[in-house]
$ cat structure_0.txt   # compact mmCIF, C-alpha atoms
# COMPACT_ATOMS: atom_id res chain seq x y z
CA MET A 19 -11.57 1.33 5.86
CA VAL A 20 -10.85 0.18 9.41
CA GLY A 21 -9.68 -3.25 8.26
CA THR A 22 -7.42 -1.74 5.60
CA SER A 23 -6.01 0.69 8.18
CA LEU A 24 -5.05 -2.14 10.50
CA GLU A 25 -3.47 -4.12 7.68
CA SER A 26 -1.56 -1.02 6.56
CA PHE A 27 -0.43 -0.49 10.14
CA ASP A 28 1.03 -3.99 10.16
CA PHE A 29 2.88 -3.33 6.93
CA TYR A 30 4.14 0.17 7.78
CA VAL A 31 5.42 -0.99 11.14
CA PHE A 32 7.91 -3.07 9.21
CA ALA A 33 8.67 -0.23 6.79
CA TYR A 34 9.72 2.09 9.62
CA PHE A 35 11.37 -0.79 11.43
CA SER A 36 13.45 -1.75 8.40
CA ALA A 37 14.70 1.78 7.83
CA TYR A 38 16.21 1.86 11.31
CA PHE A 39 16.45 -1.53 13.03
CA VAL A 40 16.48 -4.49 10.61
CA GLY A 41 20.10 -4.12 9.50
CA PRO A 42 21.74 -3.96 12.95
CA LEU A 43 19.47 -6.57 14.54
CA PHE A 44 19.24 -9.26 11.87
CA PHE A 45 22.08 -8.62 9.38
CA GLU A 46 24.78 -7.40 11.74
CA PRO A 47 27.80 -9.06 10.00
CA LEU A 48 27.07 -7.19 6.73
CA GLY A 49 27.88 -3.77 8.15
CA GLU A 50 25.87 -0.54 7.94
CA VAL A 51 25.57 -0.24 4.15
CA GLY A 52 25.07 -3.95 3.50
CA GLY A 53 22.56 -4.25 6.32
CA THR A 54 20.58 -1.28 5.03
CA LEU A 55 20.46 -2.63 1.48
CA LEU A 56 19.36 -6.06 2.69
CA ALA A 57 16.76 -4.45 4.96
CA PHE A 58 15.28 -2.67 1.95
CA SER A 59 15.43 -5.98 0.09
CA THR A 60 13.17 -7.56 2.73
CA ILE A 61 10.64 -4.83 1.93
CA ALA A 62 10.95 -5.62 -1.76
CA LEU A 63 10.56 -9.35 -1.07
CA ALA A 64 7.05 -8.92 0.33
CA PHE A 65 6.11 -7.04 -2.83
CA VAL A 66 7.62 -9.70 -5.11
CA VAL A 67 5.27 -12.40 -3.83
CA ARG A 68 2.20 -10.15 -3.90
CA PRO A 69 1.20 -11.19 -7.45
CA ILE A 70 1.07 -14.80 -6.27
CA GLY A 71 -1.21 -13.77 -3.42
CA ALA A 72 -3.25 -11.69 -5.87
CA VAL A 73 -3.88 -14.70 -8.11
CA LEU A 74 -4.76 -16.90 -5.13
CA PHE A 75 -7.03 -14.47 -3.30
CA GLY A 76 -8.36 -13.00 -6.54
CA HIS A 77 -9.55 -16.49 -7.44
CA MET A 78 -11.17 -16.81 -4.01
CA GLY A 79 -12.77 -13.38 -4.28
CA ASP A 80 -14.33 -14.09 -7.67
CA ARG A 81 -15.36 -17.64 -6.76
CA LEU A 82 -16.17 -17.62 -3.01
CA GLY A 83 -16.96 -13.98 -2.35
CA ARG A 84 -15.44 -10.68 -1.27
CA ARG A 85 -16.22 -11.01 2.44
CA THR A 86 -14.81 -14.53 2.93
CA THR A 87 -11.57 -13.61 1.18
CA LEU A 88 -11.04 -10.48 3.28
CA LEU A 89 -11.38 -12.53 6.47
CA TRP A 90 -8.52 -14.73 5.27
CA THR A 91 -6.24 -11.87 4.25
CA ILE A 92 -6.46 -9.95 7.53
CA ALA A 93 -5.99 -13.10 9.62
CA ILE A 94 -2.84 -14.09 7.75
CA MET A 95 -1.37 -10.59 7.96
CA GLY A 96 -2.08 -10.16 11.67
CA ILE A 97 -0.58 -13.50 12.69
CA ALA A 98 2.54 -13.02 10.56
CA THR A 99 3.11 -9.52 11.95
CA GLY A 100 2.72 -10.69 15.53
CA LEU A 101 5.23 -13.49 14.97
CA ILE A 102 7.85 -11.01 13.74
CA GLY A 103 7.75 -9.51 17.22
CA LEU A 104 8.84 -12.87 18.65
CA LEU A 105 11.84 -13.48 16.37
CA PRO A 106 15.36 -13.95 17.76
CA THR A 107 17.95 -11.41 16.59
CA TYR A 108 21.34 -12.24 15.09
CA ALA A 109 22.96 -11.81 18.51
CA GLN A 110 20.54 -14.35 19.98
CA ALA A 111 20.35 -17.04 17.29
CA GLY A 112 22.63 -16.12 14.39
CA TRP A 113 21.05 -16.27 10.94
CA LEU A 114 17.96 -18.17 12.15
CA GLY A 115 16.13 -14.92 12.94
CA ALA A 116 16.93 -13.50 9.49
CA VAL A 117 15.64 -16.64 7.75
CA LEU A 118 12.40 -16.59 9.75
CA LEU A 119 12.04 -12.86 9.10
CA VAL A 120 12.24 -13.46 5.36
CA ALA A 121 9.66 -16.27 5.61
CA LEU A 122 7.20 -14.07 7.50
CA ARG A 123 7.70 -11.25 5.02
CA ILE A 124 6.69 -13.68 2.28
CA VAL A 125 3.53 -14.54 4.22
CA GLN A 126 2.77 -10.83 4.68
CA GLY A 127 3.22 -10.24 0.97
CA LEU A 128 0.85 -13.06 0.04
CA SER A 129 -1.79 -11.60 2.33
CA LEU A 130 -1.42 -8.11 0.90
CA GLY A 131 -1.94 -9.53 -2.58
CA GLY A 132 -5.63 -10.04 -1.85
CA GLU A 133 -6.33 -7.21 0.58
CA TRP A 134 -6.62 -4.06 -1.49
CA GLY A 135 -8.88 -5.34 -4.26
CA GLY A 136 -11.34 -6.83 -1.79
CA SER A 137 -11.48 -3.67 0.30
CA ILE A 138 -12.26 -1.53 -2.75
CA LEU A 139 -14.96 -3.93 -3.93
CA ILE A 140 -16.64 -4.19 -0.53
CA ALA A 141 -17.01 -0.39 -0.69
CA THR A 142 -17.89 0.13 -4.35
CA GLU A 143 -20.17 -2.85 -4.81
CA HIS A 144 -22.35 -1.70 -1.92
CA SER A 145 -22.69 1.80 -3.46
CA GLY A 146 -24.66 3.36 -6.29
CA PRO A 147 -23.03 4.58 -9.51
CA VAL A 148 -23.09 8.29 -8.59
CA LYS A 149 -21.09 7.97 -5.37
CA ARG A 150 -18.97 5.00 -6.40
CA ALA A 151 -15.77 7.05 -6.94
CA PHE A 152 -16.14 8.57 -3.48
CA TYR A 153 -16.78 5.18 -1.86
CA ALA A 154 -13.71 3.82 -3.64
CA ALA A 155 -11.58 6.56 -2.06
CA ILE A 156 -12.54 5.80 1.53
CA PRO A 157 -10.60 2.49 1.87
CA GLN A 158 -7.59 4.45 0.56
CA LEU A 159 -7.58 6.22 3.92
CA GLY A 160 -6.22 2.97 5.30
CA SER A 161 -2.72 3.73 4.07
CA PRO A 162 -2.32 7.16 5.76
CA VAL A 163 -4.10 5.92 8.88
CA GLY A 164 -1.75 2.93 9.08
CA SER A 165 1.23 5.21 8.48
CA ILE A 166 0.07 7.65 11.18
CA LEU A 167 -0.53 4.91 13.74
CA SER A 168 2.81 3.22 13.16
CA ALA A 169 4.79 6.48 13.03
CA THR A 170 3.08 7.82 16.16
CA LEU A 171 3.82 4.60 17.97
CA PHE A 172 7.52 4.80 17.07
CA ILE A 173 7.65 8.48 18.08
CA VAL A 174 6.18 7.67 21.49
CA MET A 175 8.52 4.73 21.92
CA THR A 176 11.65 6.71 20.99
CA LEU A 177 10.67 9.36 23.53
CA TRP A 178 9.76 6.82 26.18
CA LEU A 179 12.58 4.30 25.80
CA PRO A 180 16.34 4.89 25.64
CA ALA A 181 17.91 3.87 22.33
CA ALA A 182 19.62 0.83 23.89
CA GLU A 183 16.36 -0.56 25.28
CA LEU A 184 14.51 0.21 22.06
CA ALA A 185 17.08 -1.84 20.14
CA ALA A 186 17.14 -4.57 22.79
CA TRP A 187 13.42 -5.28 23.18
CA GLY A 188 11.25 -2.21 22.52
CA TRP A 189 11.12 -2.79 18.76
CA ARG A 190 9.00 -5.89 19.41
CA ILE A 191 6.05 -3.96 20.86
CA PRO A 192 4.59 -2.60 17.57
CA PHE A 193 4.58 -6.08 16.04
CA LEU A 194 2.95 -7.72 19.04
CA LEU A 195 0.22 -5.08 19.00
CA ALA A 196 -0.91 -6.60 15.70
CA LEU A 197 -2.50 -9.52 17.58
CA PRO A 198 -5.17 -7.57 19.55
CA LEU A 199 -5.73 -5.36 16.49
CA LEU A 200 -6.34 -8.54 14.49
CA ALA A 201 -9.18 -9.49 16.82
CA VAL A 202 -10.82 -6.09 16.25
CA SER A 203 -10.51 -6.34 12.49
CA LEU A 204 -11.85 -9.90 12.34
CA TYR A 205 -14.91 -8.83 14.34
CA LEU A 206 -15.57 -5.90 11.98
CA ARG A 207 -15.16 -7.94 8.82
CA TRP A 208 -17.28 -10.77 10.15
CA SER A 209 -20.16 -8.29 10.48
CA ILE A 210 -19.98 -7.19 6.81
CA THR A 211 -22.50 -8.67 4.37
CA GLU A 212 -21.57 -9.98 0.94
CA THR A 213 -21.93 -7.46 -1.89
CA PRO A 214 -25.08 -7.49 -4.08
CA VAL A 215 -22.85 -7.44 -7.16
CA PHE A 216 -21.18 -10.75 -6.28
CA GLU A 217 -24.51 -12.29 -5.27
CA SER A 218 -25.85 -11.32 -8.69
CA VAL A 219 -22.86 -12.96 -10.40
CA VAL A 220 -23.56 -16.16 -8.44
CA ALA A 221 -27.31 -16.08 -9.10
CA GLU A 222 -26.77 -15.57 -12.84
CA ARG A 223 -24.11 -18.30 -12.98
CA ARG A 224 -21.50 -15.95 -14.40
CA ARG A 225 -18.55 -17.09 -12.30
CA ASP A 226 -15.52 -18.21 -14.31
CA ARG A 227 -13.86 -21.48 -13.46
CA ILE A 228 -10.44 -19.79 -13.51
CA PRO A 229 -10.93 -16.00 -13.23
CA PHE A 230 -7.23 -15.30 -13.75
CA LEU A 231 -7.23 -16.89 -17.21
CA ALA A 232 -10.54 -15.27 -18.17
CA LEU A 233 -9.16 -11.85 -17.20
CA PHE A 234 -6.07 -12.09 -19.38
CA HIS A 235 -8.03 -13.62 -22.24
CA GLU A 236 -10.56 -10.77 -22.26
CA ARG A 237 -8.59 -7.67 -21.16
CA PRO A 238 -4.78 -7.94 -21.29
CA VAL A 239 -4.30 -4.33 -22.42
CA THR A 240 -6.61 -3.05 -19.71
CA VAL A 241 -4.55 -4.86 -17.07
CA ALA A 242 -1.39 -3.13 -18.32
CA VAL A 243 -3.12 0.26 -18.17
CA ALA A 244 -4.32 -0.41 -14.61
CA ILE A 245 -0.79 -1.37 -13.51
CA GLY A 246 0.65 1.85 -14.91
CA ALA A 247 -2.07 3.95 -13.31
CA ALA A 248 -1.25 2.47 -9.89
CA LEU A 249 2.53 3.02 -9.95
CA LEU A 250 2.66 6.58 -8.63
CA GLY A 251 0.12 6.13 -5.85
CA ILE A 252 1.94 3.09 -4.47
CA GLY A 253 5.53 3.96 -5.38
CA SER A 254 5.42 7.43 -3.84
CA TYR A 255 4.61 5.89 -0.45
CA SER A 256 7.62 3.61 -0.71
CA LEU A 257 9.81 6.54 -1.70
CA MET A 258 8.58 9.02 0.91
CA ASN A 259 7.86 6.76 3.89
CA THR A 260 10.75 4.31 3.60
CA TYR A 261 13.64 5.60 1.51
CA THR A 262 13.32 9.28 2.46
CA VAL A 263 13.28 8.35 6.15
CA ASN A 264 16.59 6.52 5.83
CA TYR A 265 18.07 9.11 3.44
CA GLY A 266 17.10 11.98 5.73
CA VAL A 267 18.77 10.40 8.74
CA SER A 268 21.92 9.01 7.11
CA GLN A 269 22.68 11.73 4.54
CA LEU A 270 20.88 14.95 5.44
CA GLY A 271 21.37 14.96 9.19
CA PHE A 272 17.76 14.83 10.33
CA SER A 273 16.86 12.91 13.46
CA PHE A 274 14.70 9.81 13.14
CA GLN A 275 12.04 11.54 15.25
CA ASP A 276 11.98 14.56 12.90
CA LEU A 277 11.31 12.28 9.93
CA LEU A 278 8.52 10.46 11.72
CA VAL A 279 6.89 13.72 12.87
CA ALA A 280 7.01 15.14 9.32
CA THR A 281 5.62 11.92 7.86
CA THR A 282 2.82 11.91 10.42
CA ILE A 283 1.89 15.52 9.59
CA GLY A 284 1.71 14.60 5.91
CA GLY A 285 -0.44 11.57 6.74
CA LEU A 286 -2.84 13.64 8.87
CA LEU A 287 -3.37 15.99 5.94
CA GLN A 288 -4.27 13.04 3.73
CA LEU A 289 -7.19 12.26 6.04
CA ILE A 290 -8.73 15.43 4.62
CA THR A 291 -7.45 15.33 1.05
CA VAL A 292 -8.31 11.70 0.22
CA PRO A 293 -12.09 12.13 0.75
CA LEU A 294 -11.96 15.50 -1.04
CA PHE A 295 -10.24 13.97 -4.06
CA GLY A 296 -12.75 11.11 -3.95
CA ALA A 297 -15.60 13.62 -4.05
CA TRP A 298 -13.88 15.42 -6.93
CA ALA A 299 -13.64 12.12 -8.80
CA THR A 300 -17.46 11.81 -8.68
CA ARG A 301 -17.62 15.06 -10.67
CA ILE A 302 -14.85 14.71 -13.27
CA GLY A 303 -14.09 10.98 -13.22
CA SER A 304 -11.51 8.93 -11.33
CA ALA A 305 -9.08 8.65 -14.25
CA ARG A 306 -8.87 12.43 -14.62
CA VAL A 307 -8.09 12.91 -10.93
CA VAL A 308 -5.29 10.33 -11.22
CA LEU A 309 -4.00 12.18 -14.29
CA TRP A 310 -3.90 15.59 -12.59
CA GLY A 311 -2.11 14.08 -9.59
CA ALA A 312 0.55 12.53 -11.83
CA LEU A 313 1.08 15.77 -13.75
CA GLY A 314 1.42 17.82 -10.57
CA THR A 315 3.87 15.34 -9.04
CA LEU A 316 5.98 15.38 -12.20
CA LEU A 317 6.28 19.17 -11.98
CA ILE A 318 7.36 19.27 -8.33
CA ALA A 319 9.60 16.17 -8.18
CA PHE A 320 12.95 17.92 -8.61
CA PRO A 321 12.18 21.24 -6.84
CA MET A 322 10.99 19.29 -3.80
CA TYR A 323 14.20 17.31 -3.39
CA PHE A 324 16.33 20.36 -4.19
CA LEU A 325 14.84 22.17 -1.20
CA LEU A 326 15.14 19.12 1.04
CA GLN A 327 18.96 19.27 0.89
CA PHE A 328 18.92 22.45 3.01
CA ALA A 329 17.93 20.19 5.91
CA THR A 330 15.65 22.43 7.96
CA PHE A 331 12.65 21.02 9.75
CA PRO A 332 10.09 23.40 8.13
CA ILE A 333 11.36 22.40 4.67
CA LEU A 334 11.13 18.74 5.68
CA VAL A 335 7.51 19.17 6.77
CA GLY A 336 6.72 21.13 3.59
CA THR A 337 8.28 18.36 1.50
CA MET A 338 6.17 15.69 3.15
CA ILE A 339 3.01 17.79 2.73
CA VAL A 340 3.51 18.79 -0.91
CA GLY A 341 5.02 15.43 -1.80
CA GLY A 342 2.02 13.82 -0.15
CA ILE A 343 -0.87 15.87 -1.54
CA LEU A 344 -0.14 15.54 -5.26
CA PRO A 345 0.59 11.79 -5.36
CA THR A 346 -2.39 11.36 -3.05
CA MET A 347 -4.64 12.57 -5.88
CA SER A 348 -3.52 9.56 -7.87
CA TRP A 349 -3.88 7.33 -4.83
CA ALA A 350 -7.35 8.50 -3.78
CA ALA A 351 -8.92 7.96 -7.21
CA LEU A 352 -7.10 4.71 -8.03
CA GLY A 353 -9.81 2.37 -6.74
CA GLY A 354 -12.49 4.16 -8.74
CA LEU A 355 -10.34 4.08 -11.87
CA MET A 356 -9.78 0.32 -11.62
CA ASN A 357 -13.39 -0.42 -10.69
CA ASP A 358 -14.50 1.33 -13.90
CA LEU A 359 -12.09 -0.67 -16.05
CA PHE A 360 -13.18 -4.26 -15.33
CA PRO A 361 -16.42 -6.31 -15.45
CA ASP A 362 -17.83 -7.71 -12.21
CA HIS A 363 -17.19 -11.43 -12.82
CA VAL A 364 -13.36 -11.01 -12.85
CA ARG A 365 -13.10 -7.76 -10.90
CA TYR A 366 -11.51 -9.13 -7.72
CA SER A 367 -8.78 -10.84 -9.72
CA ALA A 368 -8.33 -7.80 -11.95
CA LEU A 369 -7.94 -5.28 -9.14
CA SER A 370 -5.76 -7.57 -7.03
CA ILE A 371 -3.39 -8.57 -9.83
CA SER A 372 -3.05 -5.07 -11.29
CA TYR A 373 -2.39 -3.56 -7.89
CA ALA A 374 -0.02 -6.34 -6.85
CA VAL A 375 2.16 -6.04 -9.96
CA ALA A 376 2.37 -2.27 -9.48
CA ALA A 377 3.19 -2.84 -5.82
CA THR A 378 5.91 -5.34 -6.75
CA VAL A 379 7.59 -2.75 -8.95
CA SER A 380 7.12 -0.12 -6.24
CA GLY A 381 8.60 -2.43 -3.63
CA PHE A 382 11.97 -2.00 -5.31
CA VAL A 383 11.76 1.80 -5.17
CA PRO A 384 13.72 2.16 -1.87
CA LEU A 385 16.39 -0.29 -3.04
CA VAL A 386 16.74 1.22 -6.54
CA THR A 387 16.81 4.75 -5.13
CA ALA A 388 19.47 3.74 -2.61
CA LEU A 389 21.61 2.19 -5.35
CA LEU A 390 21.13 5.31 -7.49
CA GLY A 391 22.12 7.46 -4.53
CA THR A 392 25.27 5.39 -3.96
CA ALA A 393 26.20 5.64 -7.66
CA THR A 394 25.72 9.44 -7.74
CA GLY A 395 27.29 10.23 -4.39
CA PHE A 396 23.79 10.94 -3.05
CA ALA A 397 23.30 13.93 -5.31
CA TRP A 398 20.20 15.91 -4.30
CA TRP A 399 18.35 15.03 -7.52
CA HIS A 400 18.60 11.24 -7.35
CA PRO A 401 15.19 10.65 -5.63
CA GLY A 402 13.60 13.13 -8.05
CA ILE A 403 14.50 10.90 -11.00
CA VAL A 404 12.61 7.97 -9.50
CA LEU A 405 9.57 10.10 -8.61
CA ALA A 406 9.49 11.67 -12.10
CA ILE A 407 9.59 8.25 -13.81
CA LEU A 408 6.70 6.99 -11.67
CA SER A 409 4.72 10.15 -12.42
CA GLY A 410 5.29 9.93 -16.16
CA ILE A 411 4.12 6.33 -16.39
CA THR A 412 0.98 7.02 -14.35
CA LEU A 413 0.26 10.14 -16.42
CA VAL A 414 0.16 8.15 -19.67
CA ALA A 415 -1.74 5.22 -18.13
CA SER A 416 -4.47 7.41 -16.59
CA TRP A 417 -4.95 9.15 -19.93
CA ALA A 418 -5.50 5.72 -21.53
CA ALA A 419 -7.77 4.59 -18.68
CA ALA A 420 -10.11 7.54 -19.22
CA ARG A 421 -10.68 6.28 -22.76
CA LEU A 422 -11.09 2.63 -21.84
CA ALA A 423 -13.44 3.00 -18.87
CA ALA A 424 -16.67 3.75 -20.76
CA ALA A 425 -16.34 0.63 -22.90
CA THR A 426 -15.54 -1.75 -20.04
CA VAL A 427 -18.19 -1.07 -17.41
CA SER A 428 -20.67 -3.92 -17.09
CA PRO A 429 -24.26 -3.61 -15.87
CA GLU A 430 -24.68 -4.20 -12.14
CA PRO A 431 -27.54 -4.22 -9.63
CA GLU A 432 -27.48 -0.99 -7.64
CA ASN A 433 -30.34 -1.05 -5.15
CA GLU A 434 -32.05 -4.42 -5.03
CA ARG A 435 -30.12 -7.44 -3.85
CA GLU A 436 -30.93 -10.61 -5.73
CA PRO A 437 -31.03 -13.93 -3.89
CA ALA A 438 -27.86 -15.95 -4.28
CA ALA A 439 -28.06 -19.38 -5.84
CA ALA A 440 -27.71 -22.33 -3.50
$ encode --input "structure_0.txt" --output "structure tokens"
Amino acid sequence: MVGTSLESFDFYVFAYFSAYFVGPLFFEPLGEVGGTLLAFSTIALAFVVRPIGAVLFGHMGDRLGRRTTLLWTIAIMGIATGLIGLLPTYAQAGWLGAVLLVALRIVQGLSLGGEWGGSILIATEHSGPVKRAFYAAIPQLGSPVGSILSATLFIVMTLWLPAAELAAWGWRIPFLLALPLLAVSLYLRWSITETPVFESVVAERRRDRIPFLALFHERPVTVAVAIGAALLGIGSYSLMNTYTVNYGVSQLGFSFQDLLVATTIGGLLQLITVPLFGAWATRIGSARVVLWGALGTLLIAFPMYFLLQFATFPILVGTMIVGGILPTMSWAALGGLMNDLFPDHVRYSALSISYAVAATVSGFVPLVTALLGTATGFAWWHPGIVLAILSGITLVASWAAARLAAATVSPEPENEREPAAA
């Protein structure tokens, strides 16, 4: 959970940064609208390469182990994030800074491709079957924790630094903080033992030579279901924490600080709701919790954005809370749902690839929503359309997952760890 929180912090730092600073600092000649669209495109770029990272690190996770792979992913993310804080802006070096920024975003995206699946498996494969859904929910706290840390940091900085200094040099601080945080995360992950499930796979000589090919040969339909089930949990974060921040400032008249405070309040609430939804999943099943979250989000998508147009701070906070709780149901139970769908010998690849493809689609949510807003004159309902589509897809996929899970679970050691083969 701590490692995932730090990796999420690295990623959310750029999400908040892109909504406010990327355009003016790195794409200045393109103007306000062009710079904003290209800034959102840099977010999407990191998601586009995630499937490549998922295949690479999924292969490592199923062949070399969960722990070794997670050490690689966090190291790559931390170094890339720290280097972003050292980039020259357009005013300092022309387009060089923008090119390097794009390159580092690609590196970040590759790292993220292998992070989530490994974190879920480290938790679930050390747990027994009864509490597995709850254990799968705990790494999901990493996303709200990362969002809270990054938003709080930007709030403090905007209060502490004048806008001119923040734009001149202050924006670098959050990225440079990734380097000491990387040291903490590496220490924590180094202390983790390999999971008994993977050691059993090694001892029984059940590792596939190419896990990616074995996965799609055995369970192509299951992969599609897992991708659909993940869309709402991931896409709602992109919509609420990236697009809504920019939309609220540029179109609704909120201050940047108001948006960050509201987002932080919503994230703090998730620290309570994620474990509660994980506990609920142990009682009714992870797929059903995802389903109820998708149905609830579908029902509130348009009313929520209708109220947001009145542009009062209490409504903004209420939007972030309600818009956070219901999609969080789908987010909290996602790891348990996917863990139940796939056998242990291809599970790292399966979780990583399914999540990465869903994240790639979700990475375009801010850009697509912005284009839809431009086409409709920023009508109040345009973000609701995107949220409703995500909810509908996840609703159908979670219904299918509930029916697939029982047939796909493979036997695993729960208490006794078997010696790994040499």
$ atom_distance --input "structure_0.txt" --atom1 "CA of Thr22 in chain A" --atom2 "CA of Gly160 in chain A"
4.9 Å
$ residues_around --input "structure_0.txt" --residues "Met19 in chain A" --least-positions-apart "2" --cutoff "10 Å" --atoms "only C-alpha atoms" --output "PyMOL selection string"
chain A and resi 21-25+137-138+140-141+155-161+163
$ closest_residue --input "structure_0.txt" --among "A:Ala185, A:Leu179, A:Leu55, A:Thr142" --to "Ala109 in chain A" --atoms "only C-alpha atoms"
A:Ala185
$ residues_around --input "structure_0.txt" --residues "range 289-300 of chain A" --least-positions-apart "2" --cutoff "7 Å" --atoms "only C-alpha atoms" --output "list of chain:residue names"
A:Val148, A:Lys149, A:Ala151, A:Phe152, A:Ala155, A:Ile156, A:Leu159, A:Gly285, A:Leu286, A:Leu287, A:Ile302, A:Gly303, A:Ser304, A:Val307, A:Thr346, A:Met347, A:Ala350, A:Ala351
$ closest_residue --input "structure_0.txt" --among "A:Ala154, A:Ile343, A:Ala420, A:Ala319" --to "Asn357 in chain A" --atoms "only C-alpha atoms"
A:Ala154
$ closest_residue --input "structure_0.txt" --among "A:Gly146, A:Pro345, A:Gly132, A:Gly246" --to "Thr315 in chain A" --atoms "all atoms listed in the file"
A:Pro345
$ closest_residue --input "structure_0.txt" --among "A:Ala368, A:Leu325, A:Val263, A:Ile92" --to "Val73 in chain A" --atoms "only C-alpha atoms"
A:Ala368
$ closest_residue --input "structure_0.txt" --among "A:Phe32, A:Phe360, A:Trp134, A:Trp113" --to "Ala64 in chain A" --atoms "all atoms listed in the file"
A:Phe32
$ closest_residue --input "structure_0.txt" --among "A:Ala57, A:Leu82, A:Ala418, A:Ala182" --to "Arg227 in chain A" --atoms "only C-alpha atoms"
A:Leu82
$ residues_near_point --input "structure_0.txt" --point "(2.4, 7.0, 0.4)" --cutoff "9 Å" --atoms "only C-alpha atoms" --output "PyMOL selection string"
chain A and resi 161-162+165+251-259+285+342+345-346+349
$ residues_around --input "structure_0.txt" --residues "Leu114 in chain A" --least-positions-apart "5" --cutoff "10 Å" --atoms "only C-alpha atoms" --output "list of chain:residue names"
A:Phe44, A:Leu105, A:Pro106, A:Thr107, A:Tyr108, A:Leu119
$ write_last_selection --input "structure_0.txt" --atoms "C-alpha atoms" --output "tab-separated table (two decimals), keeping the file's coordinate frame"
chain	number	residue	atom	x	y	z
A	44	PHE	CA	19.24	-9.26	11.87
A	105	LEU	CA	11.84	-13.48	16.37
A	106	PRO	CA	15.36	-13.95	17.76
A	107	THR	CA	17.95	-11.41	16.59
A	108	TYR	CA	21.34	-12.24	15.09
A	119	LEU	CA	12.04	-12.86	9.10
$ atom_distance --input "structure_0.txt" --atom1 "CA of Val364 in chain A" --atom2 "CA of Phe230 in chain A"
7.5 Å
$ atom_distance --input "structure_0.txt" --atom1 "CA of Gly284 in chain A" --atom2 "CA of Leu171 in chain A"
15.8 Å
$ residues_near_point --input "structure_0.txt" --point "(-22.0, -13.5, -7.3)" --cutoff "9 Å" --atoms "all atoms listed in the file" --output "VMD selection string"
chain A and resid 80 to 83 212 to 225 362 to 363 438 to 439
